[in-house]
file work_25.cif (mmCIF, C-alpha atoms)
data_upload
loop_
_atom_site.label_atom_id
_atom_site.label_comp_id
_atom_site.auth_asym_id
_atom_site.auth_seq_id
_atom_site.Cartn_x
_atom_site.Cartn_y
_atom_site.Cartn_z
CA MET A 1472 -35.17 -60.10 -11.64
CA ILE A 1473 -36.93 -61.17 -8.45
CA ALA A 1474 -37.59 -58.79 -5.56
CA ILE A 1475 -39.53 -59.15 -2.31
CA ILE A 1476 -41.16 -56.41 -0.26
CA ALA A 1477 -41.43 -57.29 3.44
CA ASP A 1478 -43.63 -54.84 5.34
CA ASP A 1479 -46.60 -55.33 7.65
CA HIS A 1480 -48.60 -52.38 6.30
CA PRO A 1481 -50.69 -53.54 3.28
CA LEU A 1482 -51.17 -50.11 1.73
CA PHE A 1483 -47.47 -49.30 1.98
CA ARG A 1484 -46.59 -52.69 0.44
CA VAL A 1485 -48.89 -51.95 -2.50
CA ALA A 1486 -47.42 -48.48 -3.01
CA LEU A 1487 -43.87 -49.81 -2.85
CA SER A 1488 -44.74 -52.67 -5.19
CA GLN A 1489 -46.19 -50.33 -7.80
CA ALA A 1490 -43.21 -47.99 -7.58
CA LEU A 1491 -40.71 -50.85 -7.71
CA GLN A 1492 -42.44 -52.45 -10.70
CA ALA A 1493 -42.15 -49.17 -12.56
CA ILE A 1494 -38.43 -49.01 -11.73
CA LEU A 1495 -37.55 -52.63 -12.56
CA GLY A 1496 -39.89 -53.04 -15.52
CA PRO A 1497 -42.73 -55.45 -16.31
CA GLN A 1498 -40.39 -58.44 -16.57
CA ALA A 1499 -39.49 -58.24 -12.87
CA GLU A 1500 -41.22 -60.65 -10.50
CA LEU A 1501 -42.32 -59.01 -7.27
CA PHE A 1502 -43.57 -60.75 -4.15
CA GLN A 1503 -44.85 -59.44 -0.85
CA ALA A 1504 -44.48 -60.66 2.74
CA HIS A 1505 -46.12 -59.23 5.86
CA SER A 1506 -43.69 -60.90 8.28
CA MET A 1507 -40.38 -62.75 8.50
CA ALA A 1508 -42.40 -65.94 8.94
CA GLN A 1509 -43.83 -65.34 5.47
CA LEU A 1510 -40.54 -64.10 3.99
CA TRP A 1511 -38.44 -67.19 4.75
CA PRO A 1512 -40.63 -69.62 2.71
CA LEU A 1513 -40.64 -67.14 -0.17
CA LEU A 1514 -36.85 -67.10 -0.18
CA ARG A 1515 -36.72 -70.89 -0.16
CA SER A 1516 -39.10 -70.93 -3.13
CA TYR A 1517 -37.22 -68.18 -4.96
CA PRO A 1518 -33.52 -68.54 -4.06
CA ASP A 1519 -32.56 -66.36 -7.05
CA THR A 1520 -34.09 -63.30 -5.38
CA GLN A 1521 -31.80 -60.32 -5.88
CA LEU A 1522 -33.40 -57.63 -3.75
CA ILE A 1523 -35.37 -57.43 -0.51
CA LEU A 1524 -37.04 -54.26 0.73
CA LEU A 1525 -37.21 -54.88 4.47
CA ASP A 1526 -39.11 -52.94 7.11
CA LEU A 1527 -36.93 -52.71 10.21
CA LYS A 1528 -39.94 -52.94 12.51
CA LEU A 1529 -41.68 -56.05 11.22
CA PRO A 1530 -43.46 -57.55 14.24
CA ASP A 1531 -41.28 -60.69 14.23
CA ALA A 1532 -38.04 -59.08 13.00
CA GLU A 1533 -36.58 -58.61 16.49
CA GLY A 1534 -34.82 -55.43 15.48
CA PHE A 1535 -31.59 -56.03 13.60
CA ALA A 1536 -31.82 -59.80 14.11
CA ALA A 1537 -33.83 -60.27 10.91
CA LEU A 1538 -31.35 -58.25 8.86
CA THR A 1539 -28.42 -60.17 10.34
CA ALA A 1540 -30.13 -63.51 9.71
CA LEU A 1541 -30.80 -62.56 6.09
CA ARG A 1542 -27.21 -61.46 5.54
CA THR A 1543 -25.98 -64.71 7.10
CA GLU A 1544 -28.35 -67.00 5.21
CA TYR A 1545 -28.45 -65.17 1.86
CA PRO A 1546 -25.29 -63.03 1.57
CA ASP A 1547 -25.78 -62.48 -2.17
CA ILE A 1548 -29.19 -60.82 -1.78
CA SER A 1549 -29.13 -57.05 -1.38
CA VAL A 1550 -31.25 -55.77 1.50
CA LEU A 1551 -32.68 -52.27 1.26
CA MET A 1552 -34.02 -51.17 4.62
CA VAL A 1553 -37.25 -49.15 4.52
CA SER A 1554 -38.26 -47.74 7.87
CA ALA A 1555 -40.12 -44.97 9.66
CA ILE A 1556 -37.17 -44.78 12.07
CA GLU A 1557 -34.84 -41.93 11.14
CA GLU A 1558 -32.56 -42.05 14.17
CA PRO A 1559 -28.99 -41.68 12.77
CA ALA A 1560 -27.54 -44.31 15.13
CA VAL A 1561 -30.13 -46.85 13.96
CA ILE A 1562 -29.42 -46.11 10.31
CA LYS A 1563 -25.68 -46.40 10.92
CA GLN A 1564 -26.14 -49.76 12.63
CA ALA A 1565 -28.26 -51.13 9.80
CA LEU A 1566 -25.55 -50.23 7.29
CA GLN A 1567 -22.82 -51.68 9.51
CA LEU A 1568 -24.75 -54.94 9.78
CA GLY A 1569 -24.93 -55.32 6.02
CA ALA A 1570 -27.88 -53.32 4.69
CA ALA A 1571 -27.12 -52.06 1.20
CA ALA A 1572 -29.25 -48.95 1.66
CA TYR A 1573 -31.58 -47.23 4.09
CA LEU A 1574 -34.68 -45.41 2.89
CA PRO A 1575 -36.80 -43.48 5.41
CA LYS A 1576 -40.54 -43.94 4.88
CA SER A 1577 -40.87 -40.17 4.91
CA ALA A 1578 -38.86 -39.96 1.68
CA PRO A 1579 -40.82 -39.40 -1.56
CA LEU A 1580 -41.37 -42.56 -3.59
CA GLU A 1581 -39.36 -41.17 -6.50
CA VAL A 1582 -36.24 -41.40 -4.31
CA LEU A 1583 -36.76 -45.17 -4.33
CA SER A 1584 -35.51 -45.28 -7.92
CA GLU A 1585 -32.21 -43.70 -6.91
CA ALA A 1586 -31.79 -46.14 -4.03
CA VAL A 1587 -32.66 -49.25 -6.06
CA THR A 1588 -30.43 -48.24 -8.96
CA ALA A 1589 -27.48 -47.73 -6.61
CA VAL A 1590 -28.05 -51.01 -4.77
CA LEU A 1591 -28.36 -53.08 -7.95
CA ALA A 1592 -25.12 -51.48 -9.15
CA GLY A 1593 -23.43 -52.84 -6.03
CA GLU A 1594 -23.22 -49.49 -4.25
CA ARG A 1595 -24.19 -48.46 -0.73
CA TRP A 1596 -26.87 -45.79 -0.62
CA LEU A 1597 -28.18 -43.30 1.90
CA PRO A 1598 -30.12 -40.04 1.39
CA ALA A 1599 -27.50 -37.32 0.98
CA GLU A 1600 -29.01 -35.14 3.70
CA LEU A 1601 -28.49 -37.91 6.29
CA GLY A 1602 -24.86 -38.66 5.46
CA ALA A 1603 -23.17 -36.37 8.00
CA SER A 1604 -25.47 -37.18 10.95
CA VAL A 1605 -25.21 -40.93 10.31
CA SER A 1606 -21.42 -40.92 10.08
CA GLN A 1607 -21.18 -39.00 13.36
CA ALA A 1608 -23.74 -41.14 15.22
CA PRO A 1609 -22.59 -43.43 18.04
CA ASP A 1610 -22.44 -47.20 17.56
CA LEU A 1611 -25.42 -49.05 19.01
CA ILE A 1612 -23.58 -52.36 18.82
CA ASP A 1613 -19.92 -52.98 19.55
CA GLN A 1614 -18.13 -53.39 16.22
CA GLN A 1615 -16.18 -56.38 17.47
CA PHE A 1616 -19.50 -58.13 18.11
CA ALA A 1617 -20.80 -57.11 14.68
CA SER A 1618 -17.67 -58.58 13.07
CA ALA A 1619 -18.03 -61.76 15.10
CA LEU A 1620 -21.62 -62.18 13.91
CA GLU A 1621 -20.37 -62.21 10.32
CA GLN A 1622 -18.30 -65.29 11.15
CA LEU A 1623 -21.31 -67.35 12.23
CA THR A 1624 -22.77 -69.89 9.83
CA PRO A 1625 -26.54 -69.81 9.22
CA GLN A 1626 -27.03 -72.78 11.57
CA GLN A 1627 -24.89 -71.18 14.26
CA PHE A 1628 -26.90 -67.97 14.03
CA ARG A 1629 -30.14 -69.93 14.45
CA VAL A 1630 -28.67 -71.69 17.48
CA LEU A 1631 -27.59 -68.34 18.95
CA LYS A 1632 -31.12 -66.97 18.57
CA MET A 1633 -32.57 -70.01 20.34
CA ILE A 1634 -30.01 -69.67 23.12
CA ALA A 1635 -31.19 -66.08 23.56
CA ASP A 1636 -34.78 -67.36 23.66
CA GLY A 1637 -33.81 -69.59 26.59
CA LEU A 1638 -33.94 -72.97 24.86
CA LEU A 1639 -31.85 -75.86 26.16
CA ASN A 1640 -29.59 -77.89 23.88
CA LYS A 1641 -32.09 -80.75 23.65
CA GLN A 1642 -34.86 -78.32 22.72
CA ILE A 1643 -32.65 -76.70 20.06
CA ALA A 1644 -31.82 -80.16 18.70
CA TYR A 1645 -35.55 -80.93 18.42
CA GLU A 1646 -36.28 -77.63 16.67
CA MET A 1647 -33.43 -78.13 14.18
CA ASN A 1648 -33.97 -81.88 13.80
CA VAL A 1649 -30.34 -82.67 14.62
CA GLN A 1650 -28.49 -84.60 17.33
CA GLU A 1651 -27.82 -82.87 20.64
CA THR A 1652 -24.09 -83.44 20.10
CA THR A 1653 -24.35 -81.35 16.92
CA VAL A 1654 -25.95 -78.53 18.89
CA LYS A 1655 -23.15 -78.72 21.48
CA GLN A 1656 -20.62 -78.36 18.68
CA HIS A 1657 -22.46 -75.31 17.37
CA VAL A 1658 -22.60 -73.77 20.85
CA SER A 1659 -18.85 -74.28 21.32
CA ALA A 1660 -18.16 -72.63 17.97
CA ILE A 1661 -20.48 -69.71 18.82
CA LEU A 1662 -18.80 -69.08 22.16
CA ARG A 1663 -15.39 -69.17 20.52
CA LYS A 1664 -16.34 -66.77 17.73
CA LEU A 1665 -18.10 -64.35 20.08
CA GLU A 1666 -15.23 -64.63 22.56
CA VAL A 1667 -17.48 -65.35 25.55
CA ASN A 1668 -17.20 -68.25 27.98
CA ASN A 1669 -20.84 -69.20 28.54
CA ARG A 1670 -24.17 -69.34 26.72
CA THR A 1671 -25.78 -66.77 29.02
CA LEU A 1672 -23.34 -64.10 27.85
CA ALA A 1673 -23.89 -65.19 24.24
CA GLY A 1674 -27.64 -64.74 24.71
CA ILE A 1675 -27.14 -61.31 26.25
CA MET A 1676 -25.03 -60.26 23.27
CA PHE A 1677 -27.76 -61.41 20.87
CA GLU A 1678 -30.27 -59.25 22.74
CA LYS A 1679 -28.25 -56.22 21.64
CA LEU A 1680 -29.61 -56.74 18.14
CA LYS A 1681 -33.05 -55.67 19.31
CA LEU A 1682 -34.11 -52.07 18.88
CA PRO A 1683 -34.22 -49.74 21.90
CA ASP A 1684 -37.67 -49.67 23.49
CA ASN A 1685 -38.13 -45.96 22.76
CA LEU A 1686 -38.04 -46.43 18.99
#
call {"tool": "encode", "arguments": {"input": "work_25.cif", "output": "structure tokens"}}
result
Amino acid sequence: MIAIIADDHPLFRVALSQALQAILGPQAELFQAHSMAQLWPLLRSYPDTQLILLDLKLPDAEGFAALTALRTEYPDISVLMVSAIEEPAVIKQALQLGAAAYLPKSAPLEVLSEAVTAVLAGERWLPAELGASVSQAPDLIDQQFASALEQLTPQQFRVLKMIADGLLNKQIAYEMNVQETTVKQHVSAILRKLEVNNRTLAGIMFEKLKLPDNL
């Protein structure tokens, strides 16, 4: 069993790691990452990872973009969101975008066992007291867009992110080490799947994955 804790607060990572080790047992291999930039190489080194505990507000996570990228790139890895944000609409969006569970940082560590056990059993999990407010919360992201994101391949999602960052096709080709014609094919597929007619609109849609500024 391999699990990774991705959080930018060292003390919280240590506390989570100790609690998770007690839950999974001494045979489990646990790794820590303080950013998405550190998480991606870990996943490449340990592709058999089964569980990621992901802080929604990692400095380079770009809101829900990191969760969506993980679900696109590694669909078989369960992602348990751990966040100080307890806004019902945010929790609802995380679950709709593929998080297996959402654990507020205010929850006692012993609740982690319940969440991890449910996730590893293939279940969705949410603290019982949040169920009603989350189900009644408004959607932050249009569900048609969320469904369209699921259709993107990992490479197409990376291209979409770079479009949103303002990169031109030749710059994207350089970053991905592919031909510009390949990038153009990806862009065409992205526009078709997102049902938009230009890259500017595609970039605007990607921006919706970022968290509201007041959170």
call {"tool": "residues_near_point", "arguments": {"input": "work_25.cif", "point": "(-13.3, -65.1, 15.6)", "cutoff": "9 Å", "atoms": "all atoms listed in the file", "output": "number ranges by chain"}}
result
A: 1618-1620, 1622-1623, 1663-1666
call {"tool": "atom_distance", "arguments": {"input": "work_25.cif", "atom1": "atom CA of Gln1521 of chain A", "atom2": "atom CA of Ser1554 of chain A"}}
result
19.7 Å
call {"tool": "residues_around", "arguments": {"input": "work_25.cif", "residues": "Arg1484 of chain A", "least_positions_apart": "4", "cutoff": "10 Å", "atoms": "all atoms listed in the file", "output": "ChimeraX atom specification"}}
result
/A:1475-1480,1488-1490,1502-1505,1524
call {"tool": "atom_distance", "arguments": {"input": "work_25.cif", "atom1": "atom CA of Glu1594 of chain A", "atom2": "atom CA of Arg1515 of chain A"}}
result
25.6 Å
call {"tool": "residues_around", "arguments": {"input": "work_25.cif", "residues": "Asp1610 of chain A", "least_positions_apart": "6", "cutoff": "10 Å", "atoms": "only C-alpha atoms", "output": "ChimeraX atom specification"}}
result
/A:1559-1561,1563-1564,1567
call {"tool": "resolve_selection", "arguments": {"input": "work_25.cif", "expression": "the PyMOL selection byres ((chain A and resi 1625-1642) around 8)", "output": "list in words"}}
result
Ala1540, Thr1543, Glu1544, Leu1620, Leu1623, Thr1624, Ile1643, Ala1644, Tyr1645, Glu1646, Glu1651, Val1654, Lys1655, His1657, Val1658, Ala1660, Ile1661, Arg1670, Thr1671, Ala1673, Gly1674, Ile1675, Phe1677 and Glu1678 of chain A
call {"tool": "resolve_selection", "arguments": {"input": "work_25.cif", "expression": "the PyMOL selection byres ((chain A and resi 1547) around 12)", "output": "list in words"}}
result
Pro1518, Asp1519, Thr1520, Gln1521, Leu1522, Ile1523, Leu1541, Arg1542, Thr1543, Glu1544, Tyr1545, Pro1546, Ile1548, Ser1549, Val1550, Gly1569, Ala1570, Ala1571, Val1590, Leu1591 and Gly1593 of chain A
call {"tool": "write_last_selection", "arguments": {"input": "work_25.cif", "atoms": "C-alpha atoms", "output": "PDB file, in the coordinates of the input"}}
result
ATOM      1  CA  PRO A1518     -33.520 -68.540  -4.060  1.00  0.00           C
ATOM      2  CA  ASP A1519     -32.560 -66.360  -7.050  1.00  0.00           C
ATOM      3  CA  THR A1520     -34.090 -63.300  -5.380  1.00  0.00           C
ATOM      4  CA  GLN A1521     -31.800 -60.320  -5.880  1.00  0.00           C
ATOM      5  CA  LEU A1522     -33.400 -57.630  -3.750  1.00  0.00           C
ATOM      6  CA  ILE A1523     -35.370 -57.430  -0.510  1.00  0.00           C
ATOM      7  CA  LEU A1541     -30.800 -62.560   6.090  1.00  0.00           C
ATOM      8  CA  ARG A1542     -27.210 -61.460   5.540  1.00  0.00           C
ATOM      9  CA  THR A1543     -25.980 -64.710   7.100  1.00  0.00           C
ATOM     10  CA  GLU A1544     -28.350 -67.000   5.210  1.00  0.00           C
ATOM     11  CA  TYR A1545     -28.450 -65.170   1.860  1.00  0.00           C
ATOM     12  CA  PRO A1546     -25.290 -63.030   1.570  1.00  0.00           C
ATOM     13  CA  ILE A1548     -29.190 -60.820  -1.780  1.00  0.00           C
ATOM     14  CA  SER A1549     -29.130 -57.050  -1.380  1.00  0.00           C
ATOM     15  CA  VAL A1550     -31.250 -55.770   1.500  1.00  0.00           C
ATOM     16  CA  GLY A1569     -24.930 -55.320   6.020  1.00  0.00           C
ATOM     17  CA  ALA A1570     -27.880 -53.320   4.690  1.00  0.00           C
ATOM     18  CA  ALA A1571     -27.120 -52.060   1.200  1.00  0.00           C
ATOM     19  CA  VAL A1590     -28.050 -51.010  -4.770  1.00  0.00           C
ATOM     20  CA  LEU A1591     -28.360 -53.080  -7.950  1.00  0.00           C
ATOM     21  CA  GLY A1593     -23.430 -52.840  -6.030  1.00  0.00           C
TER      22      GLY A1593
END
call {"tool": "resolve_selection", "arguments": {"input": "work_25.cif", "expression": "the PyMOL selection byres ((chain A and resi 1600) around 12)", "output": "PyMOL selection string"}}
result
chain A and resi 1557+1559+1574-1575+1578+1596-1599+1601-1606
call {"tool": "closest_residue", "arguments": {"input": "work_25.cif", "among": "A:Ala1486, A:Leu1525, A:Ala1572, A:Met1647", "to": "Thr1588 of chain A", "atoms": "only C-alpha atoms"}}
result
A:Ala1572
call {"tool": "closest_residue", "arguments": {"input": "work_25.cif", "among": "A:Tyr1517, A:Lys1679, A:Leu1529, A:Ile1562", "to": "Ala1608 of chain A", "atoms": "only C-alpha atoms"}}
result
A:Ile1562
call {"tool": "closest_residue", "arguments": {"input": "work_25.cif", "among": "A:Ala1474, A:Leu1611, A:Val1667, A:Leu1580", "to": "Gly1534 of chain A", "atoms": "only C-alpha atoms"}}
result
A:Leu1611
call {"tool": "closest_residue", "arguments": {"input": "work_25.cif", "among": "A:Gln1607, A:Asn1648, A:Pro1530, A:Gln1509", "to": "Glu1558 of chain A", "atoms": "all atoms listed in the file"}}
result
A:Gln1607
call {"tool": "atom_distance", "arguments": {"input": "work_25.cif", "atom1": "atom CA of Met1472 of chain A", "atom2": "atom CA of Glu1500 of chain A"}}
result
6.2 Å
call {"tool": "closest_residue", "arguments": {"input": "work_25.cif", "among": "A:Ala1536, A:Ala1586, A:Ile1473, A:Met1676", "to": "Leu1513 of chain A", "atoms": "only C-alpha atoms"}}
result
A:Ile1473
call {"tool": "closest_residue", "arguments": {"input": "work_25.cif", "among": "A:Val1649, A:Ala1617, A:Leu1583, A:Leu1527", "to": "Ile1494 of chain A", "atoms": "only C-alpha atoms"}}
result
A:Leu1583
